[in-house]
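Undergrad: My questions all concern the structure below.
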Amino acid sequence: LGLTSTTANIPRYARVNTSLWSIDEAIKYFVSQGYSFINSFSSLNHLANSKGFQKDAHIPNLLAFSPNAALQDDPAYNSGKIILQDKASCFPAVVLSPPSEDNSVVIDATAAPGNKTSHLSALMGNKGTLYAFERDRKRFSTLKMMIGKAACKNVTPVNTDFLTVDPSDPKYLPVTHILLDPSCSGSGIVNRLDHLLEGEPESEKSQHERLDKLAAFQLLMIKHAMRFPNVKKIVYSTCSIHASENEHVVRDALSSDEAKAGSFSIASRNEVLPDWPRRGFAEEMNSTDAASALVRCLPGEDATNGFFVSCFVRDQNITLKRK
Ligand code: SAM
């Protein structure tokens with residue numbers, strides 16, 4: 001019961017695809033469709049009114065509607081002008097804050113279905129090159145469809161395993177920013193939690209084994225990203241609530257040979273959504289400072305699904321000294 005009411009507490013979020021129109025145009029459009037704009041960032045309670053909507057307080061170009069708003073039937077969704085994406089899943093692209101120059105080169109390492117790809121593309125002003133890797137063939141088709149619908153002109157989709165991409169390939173030398181949103185347990189997704197309540201409970205042992213495998217894979221992916229010679233920022237995110245896929249993976253990545261060789265450290269809190277109050281778990285990081293540089297969302301409690309975001313940065317001074 002608790003979880004069902006949690007689902008109802010999460011607004012329906014619509015990210016305005018700024019490659020196609022502006023947030024002001026979107027607001028005018030939804031008002032013309034009979035929705036009423038609430039010009040306030042405060043309490044989301046008035047979204048109980050099924051026609052109300054407002055701007056999100058943390059993410060630019062994100063609108064919050066009532067949980068019951070039927071946006072999936074709206075022409076703005078079908079034409080790619082809005083992307084239906086949970087608020088928390090908008091965090092990684094905003095934290096990565098990719099450059100928007102004609103010569104910018106960015107990687108989305110695990111891209112399908114492509115919500116974060118189209119977000120990155122819009123933040124890059126559709127300029128430069130955004131390589132979007134996806135290993136799974138079917139999901140790759142969805143990714144290509146999504147890129148087309150969202151009018152992303154700077155995306156090069158590649159159906160491959162990111163771990164097989166050679167960081168020393170001259171094509172990837174100019175890569176400065178990497179988004180890493182790999183497969184995870186999905187334990188933060190509220191609807192999935194609802195579903196699990198009805199299914200057979202997983203034994204503790206098999207849950208541990210599954211999480212250990214996922215964590216080992218997630219760590220490999222971060223270490224691979226750290227091998228790109230000119231990458232200066234890597235954002236790692238999951239929709240998991242487990243410390244084993246979140247804080248522990250970050251801790252292991254920070255103490256890896258790749259982090260040492262590349263002089264990577266965790267970005268400071270002021271680079272990672274400083275106004276978002278819920279931070280990483282200090283007891284899982286063994287450091288209050290490091291934990292405060294991480295972002296967490298608790299399912300339902302933060303009007304989002306459960307989510308985790310971290311950001312690694314290269315110490316530019318050390319790199320320059322080495323050159
Ligand atoms: N970022 C996506 C979005 O916001 O729409 C969601 C990504 S989903 C959590 C993870 C994706 O990574 C899946 O589509 C999975 O098939 C893909 N994937 C997993 N391992 C991969 C690998 N080694 N290389 C490339 N893609 C991979």
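To be explicit about the labels: the chains of the structure tokens are called A, B, and onward in the order shown, and within each one the residues are counted from 1, while ligands get numbers from 1 in the order they are shown.
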If you run DSSP on this backbone, which residues of region 141-294 of chain A come out as strand (DSSP E or B), and could you give them as a PyMOL selection string?

TA: chain A and resi 155-158+177-180+233-238+264-266+279

Undergrad: For those residues, write C-alpha atoms to a file as a short mmCIF file (atom, residue, chain, number, x, y, z; two decimals), in the first residue's frame.

TA:
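Result saved to again_37.cif:
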```
data_model
loop_
_atom_site.label_atom_id
_atom_site.label_comp_id
_atom_site.auth_asym_id
_atom_site.auth_seq_id
_atom_site.Cartn_x
_atom_site.Cartn_y
_atom_site.Cartn_z
CA VAL A 155 24.68 12.16 -32.31
CA THR A 156 26.64 9.26 -33.82
CA PRO A 157 24.98 6.05 -32.58
CA VAL A 158 27.21 2.94 -32.49
CA HIS A 177 33.21 14.21 -21.16
CA ILE A 178 31.69 10.74 -20.64
CA LEU A 179 28.25 9.82 -19.31
CA LEU A 180 28.04 6.34 -17.82
CA LYS A 233 34.79 14.57 -16.44
CA ILE A 234 32.93 11.26 -16.02
CA VAL A 235 29.43 11.05 -14.56
CA TYR A 236 28.38 7.65 -13.21
CA SER A 237 24.71 7.07 -12.33
CA THR A 238 22.31 4.27 -11.46
CA PHE A 264 40.93 11.24 -11.02
CA SER A 265 39.15 12.33 -7.87
CA ILE A 266 35.55 12.89 -6.91
CA ARG A 279 23.54 13.33 -0.56
#
```

Undergrad: Report the closest atom pair, with its distance in Å rounded to one decimal, for each residue of chain A that has an atom no farther than 6 Å from ligand 1; count only C-alpha atoms and all ligand atoms, sort by chain and then rising residue number, and write it as JSON lines.

TA:
```
{"residue": "A:Ala109", "atom": "CA", "partner": "ligand 1", "partner_atom_place_in_ligand_line": "25 (C)", "distance": 5.8}
{"residue": "A:Thr110", "atom": "CA", "partner": "ligand 1", "partner_atom_place_in_ligand_line": "12 (O)", "distance": 3.8}
{"residue": "A:Ala111", "atom": "CA", "partner": "ligand 1", "partner_atom_place_in_ligand_line": "1 (N)", "distance": 4.4}
{"residue": "A:Ala112", "atom": "CA", "partner": "ligand 1", "partner_atom_place_in_ligand_line": "14 (O)", "distance": 4.3}
{"residue": "A:Pro113", "atom": "CA", "partner": "ligand 1", "partner_atom_place_in_ligand_line": "5 (O)", "distance": 4.2}
{"residue": "A:Gly114", "atom": "CA", "partner": "ligand 1", "partner_atom_place_in_ligand_line": "5 (O)", "distance": 3.8}
{"residue": "A:Asn115", "atom": "CA", "partner": "ligand 1", "partner_atom_place_in_ligand_line": "5 (O)", "distance": 3.8}
{"residue": "A:Lys116", "atom": "CA", "partner": "ligand 1", "partner_atom_place_in_ligand_line": "4 (O)", "distance": 4.1}
{"residue": "A:Phe133", "atom": "CA", "partner": "ligand 1", "partner_atom_place_in_ligand_line": "25 (C)", "distance": 5.2}
{"residue": "A:Glu134", "atom": "CA", "partner": "ligand 1", "partner_atom_place_in_ligand_line": "26 (N)", "distance": 3.8}
{"residue": "A:Arg135", "atom": "CA", "partner": "ligand 1", "partner_atom_place_in_ligand_line": "26 (N)", "distance": 4.0}
{"residue": "A:Asp136", "atom": "CA", "partner": "ligand 1", "partner_atom_place_in_ligand_line": "16 (O)", "distance": 4.8}
{"residue": "A:Arg139", "atom": "CA", "partner": "ligand 1", "partner_atom_place_in_ligand_line": "14 (O)", "distance": 5.8}
{"residue": "A:Thr160", "atom": "CA", "partner": "ligand 1", "partner_atom_place_in_ligand_line": "25 (C)", "distance": 5.9}
{"residue": "A:Asp161", "atom": "CA", "partner": "ligand 1", "partner_atom_place_in_ligand_line": "24 (N)", "distance": 3.5}
{"residue": "A:Phe162", "atom": "CA", "partner": "ligand 1", "partner_atom_place_in_ligand_line": "24 (N)", "distance": 3.8}
{"residue": "A:Leu163", "atom": "CA", "partner": "ligand 1", "partner_atom_place_in_ligand_line": "23 (N)", "distance": 5.3}
{"residue": "A:Asp181", "atom": "CA", "partner": "ligand 1", "partner_atom_place_in_ligand_line": "1 (N)", "distance": 5.1}
{"residue": "A:Pro182", "atom": "CA", "partner": "ligand 1", "partner_atom_place_in_ligand_line": "10 (C)", "distance": 4.2}
{"residue": "A:Ser183", "atom": "CA", "partner": "ligand 1", "partner_atom_place_in_ligand_line": "10 (C)", "distance": 4.1}
```

Undergrad: Please, which residues of region 93-267 of chain A, numbered as in this document, come out alpha helix (DSSP H) from DSSP, as a PDB file with C-alpha atoms, in the first residue's frame?

TA:
```
ATOM      1  CA  ALA A  93      23.371  15.201 -18.105  1.00  0.00           C
ATOM      2  CA  VAL A  94      23.037  18.399 -16.052  1.00  0.00           C
ATOM      3  CA  VAL A  95      25.946  17.361 -13.803  1.00  0.00           C
ATOM      4  CA  LEU A  96      28.089  16.369 -16.804  1.00  0.00           C
ATOM      5  CA  ASN A 115      16.632   9.854 -22.864  1.00  0.00           C
ATOM      6  CA  LYS A 116      19.982  11.048 -21.556  1.00  0.00           C
ATOM      7  CA  THR A 117      21.420  11.053 -25.081  1.00  0.00           C
ATOM      8  CA  SER A 118      18.806  13.522 -26.297  1.00  0.00           C
ATOM      9  CA  HIS A 119      19.288  15.575 -23.122  1.00  0.00           C
ATOM     10  CA  LEU A 120      23.069  15.750 -23.704  1.00  0.00           C
ATOM     11  CA  SER A 121      22.522  16.586 -27.355  1.00  0.00           C
ATOM     12  CA  ALA A 122      20.250  19.500 -26.425  1.00  0.00           C
ATOM     13  CA  LEU A 123      22.704  20.751 -23.772  1.00  0.00           C
ATOM     14  CA  ARG A 137      20.810  -4.694 -30.904  1.00  0.00           C
ATOM     15  CA  LYS A 138      17.098  -4.273 -30.158  1.00  0.00           C
ATOM     16  CA  ARG A 139      17.664  -1.435 -27.728  1.00  0.00           C
ATOM     17  CA  PHE A 140      19.985   0.121 -30.324  1.00  0.00           C
ATOM     18  CA  SER A 141      17.012   0.328 -32.750  1.00  0.00           C
ATOM     19  CA  THR A 142      15.009   2.113 -30.068  1.00  0.00           C
ATOM     20  CA  LEU A 143      17.925   4.486 -29.516  1.00  0.00           C
ATOM     21  CA  LYS A 144      18.096   5.354 -33.226  1.00  0.00           C
ATOM     22  CA  MET A 145      14.345   5.955 -33.310  1.00  0.00           C
ATOM     23  CA  MET A 146      14.591   8.203 -30.243  1.00  0.00           C
ATOM     24  CA  ILE A 147      17.469  10.235 -31.709  1.00  0.00           C
ATOM     25  CA  GLY A 148      15.445  10.803 -34.885  1.00  0.00           C
ATOM     26  CA  LYS A 149      12.280  11.766 -33.016  1.00  0.00           C
ATOM     27  CA  VAL A 190       8.994   2.667  -7.960  1.00  0.00           C
ATOM     28  CA  ASN A 191       6.832   0.694 -10.383  1.00  0.00           C
ATOM     29  CA  ARG A 192       9.360  -2.095 -10.293  1.00  0.00           C
ATOM     30  CA  LEU A 193       9.157  -2.136  -6.500  1.00  0.00           C
ATOM     31  CA  ASP A 194       5.374  -2.465  -6.797  1.00  0.00           C
ATOM     32  CA  HIS A 195       5.843  -5.374  -9.136  1.00  0.00           C
ATOM     33  CA  LEU A 196       8.348  -7.098  -6.851  1.00  0.00           C
ATOM     34  CA  LEU A 197       5.844  -6.986  -4.022  1.00  0.00           C
ATOM     35  CA  GLU A 198       3.551  -9.215  -6.039  1.00  0.00           C
ATOM     36  CA  GLU A 204      19.128 -13.086  -0.032  1.00  0.00           C
ATOM     37  CA  LYS A 205      21.968 -15.148  -1.460  1.00  0.00           C
ATOM     38  CA  SER A 206      20.874 -14.787  -5.074  1.00  0.00           C
ATOM     39  CA  GLN A 207      20.278 -11.067  -4.568  1.00  0.00           C
ATOM     40  CA  HIS A 208      23.827 -10.708  -3.213  1.00  0.00           C
ATOM     41  CA  GLU A 209      25.278 -12.630  -6.134  1.00  0.00           C
ATOM     42  CA  ARG A 210      23.352 -10.543  -8.653  1.00  0.00           C
ATOM     43  CA  LEU A 211      24.400  -7.268  -7.027  1.00  0.00           C
ATOM     44  CA  ASP A 212      28.055  -8.365  -6.794  1.00  0.00           C
ATOM     45  CA  LYS A 213      28.082  -9.176 -10.513  1.00  0.00           C
ATOM     46  CA  LEU A 214      26.495  -5.848 -11.390  1.00  0.00           C
ATOM     47  CA  ALA A 215      28.948  -3.938  -9.191  1.00  0.00           C
ATOM     48  CA  ALA A 216      31.940  -5.681 -10.795  1.00  0.00           C
ATOM     49  CA  PHE A 217      30.627  -4.749 -14.265  1.00  0.00           C
ATOM     50  CA  GLN A 218      29.885  -1.144 -13.236  1.00  0.00           C
ATOM     51  CA  LEU A 219      33.417  -0.767 -11.854  1.00  0.00           C
ATOM     52  CA  LEU A 220      34.917  -2.121 -15.100  1.00  0.00           C
ATOM     53  CA  MET A 221      32.923   0.454 -17.062  1.00  0.00           C
ATOM     54  CA  ILE A 222      34.159   3.385 -14.936  1.00  0.00           C
ATOM     55  CA  LYS A 223      37.763   2.175 -15.140  1.00  0.00           C
ATOM     56  CA  HIS A 224      37.431   1.897 -18.920  1.00  0.00           C
ATOM     57  CA  ALA A 225      36.070   5.451 -19.133  1.00  0.00           C
ATOM     58  CA  GLU A 247      28.958   4.397  -2.979  1.00  0.00           C
ATOM     59  CA  HIS A 248      30.963   1.131  -2.979  1.00  0.00           C
ATOM     60  CA  VAL A 249      31.538   1.229  -6.751  1.00  0.00           C
ATOM     61  CA  VAL A 250      32.651   4.867  -6.485  1.00  0.00           C
ATOM     62  CA  ARG A 251      35.008   4.029  -3.602  1.00  0.00           C
ATOM     63  CA  ASP A 252      36.551   1.148  -5.574  1.00  0.00           C
ATOM     64  CA  ALA A 253      36.862   3.275  -8.715  1.00  0.00           C
ATOM     65  CA  LEU A 254      38.669   6.005  -6.758  1.00  0.00           C
ATOM     66  CA  ASP A 257      45.058   1.967 -10.758  1.00  0.00           C
ATOM     67  CA  GLU A 258      43.157   3.785 -13.538  1.00  0.00           C
ATOM     68  CA  ALA A 259      42.124   6.595 -11.170  1.00  0.00           C
ATOM     69  CA  LYS A 260      45.683   6.918  -9.893  1.00  0.00           C
ATOM     70  CA  ALA A 261      47.218   6.839 -13.383  1.00  0.00           C
ATOM     71  CA  GLY A 262      44.706   9.396 -14.643  1.00  0.00           C
TER      72      GLY A 262
END
```

Undergrad: Which one is closest to Asn246 (chain A): A:Ser187, A:Ser263, A:Ser203, A:Ser100? Count only C-alpha atoms.

TA: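 Answer, going by the shortest atom-to-atom distance: A:Ser187.
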
Undergrad: Could you check the closest approach to Glu284 (chain A) for each of A:Ala150, A:Ala243, A:Ala88, A:Ile59 and tell me which residue wins, using only C-alpha atoms?

TA: A:Ala243
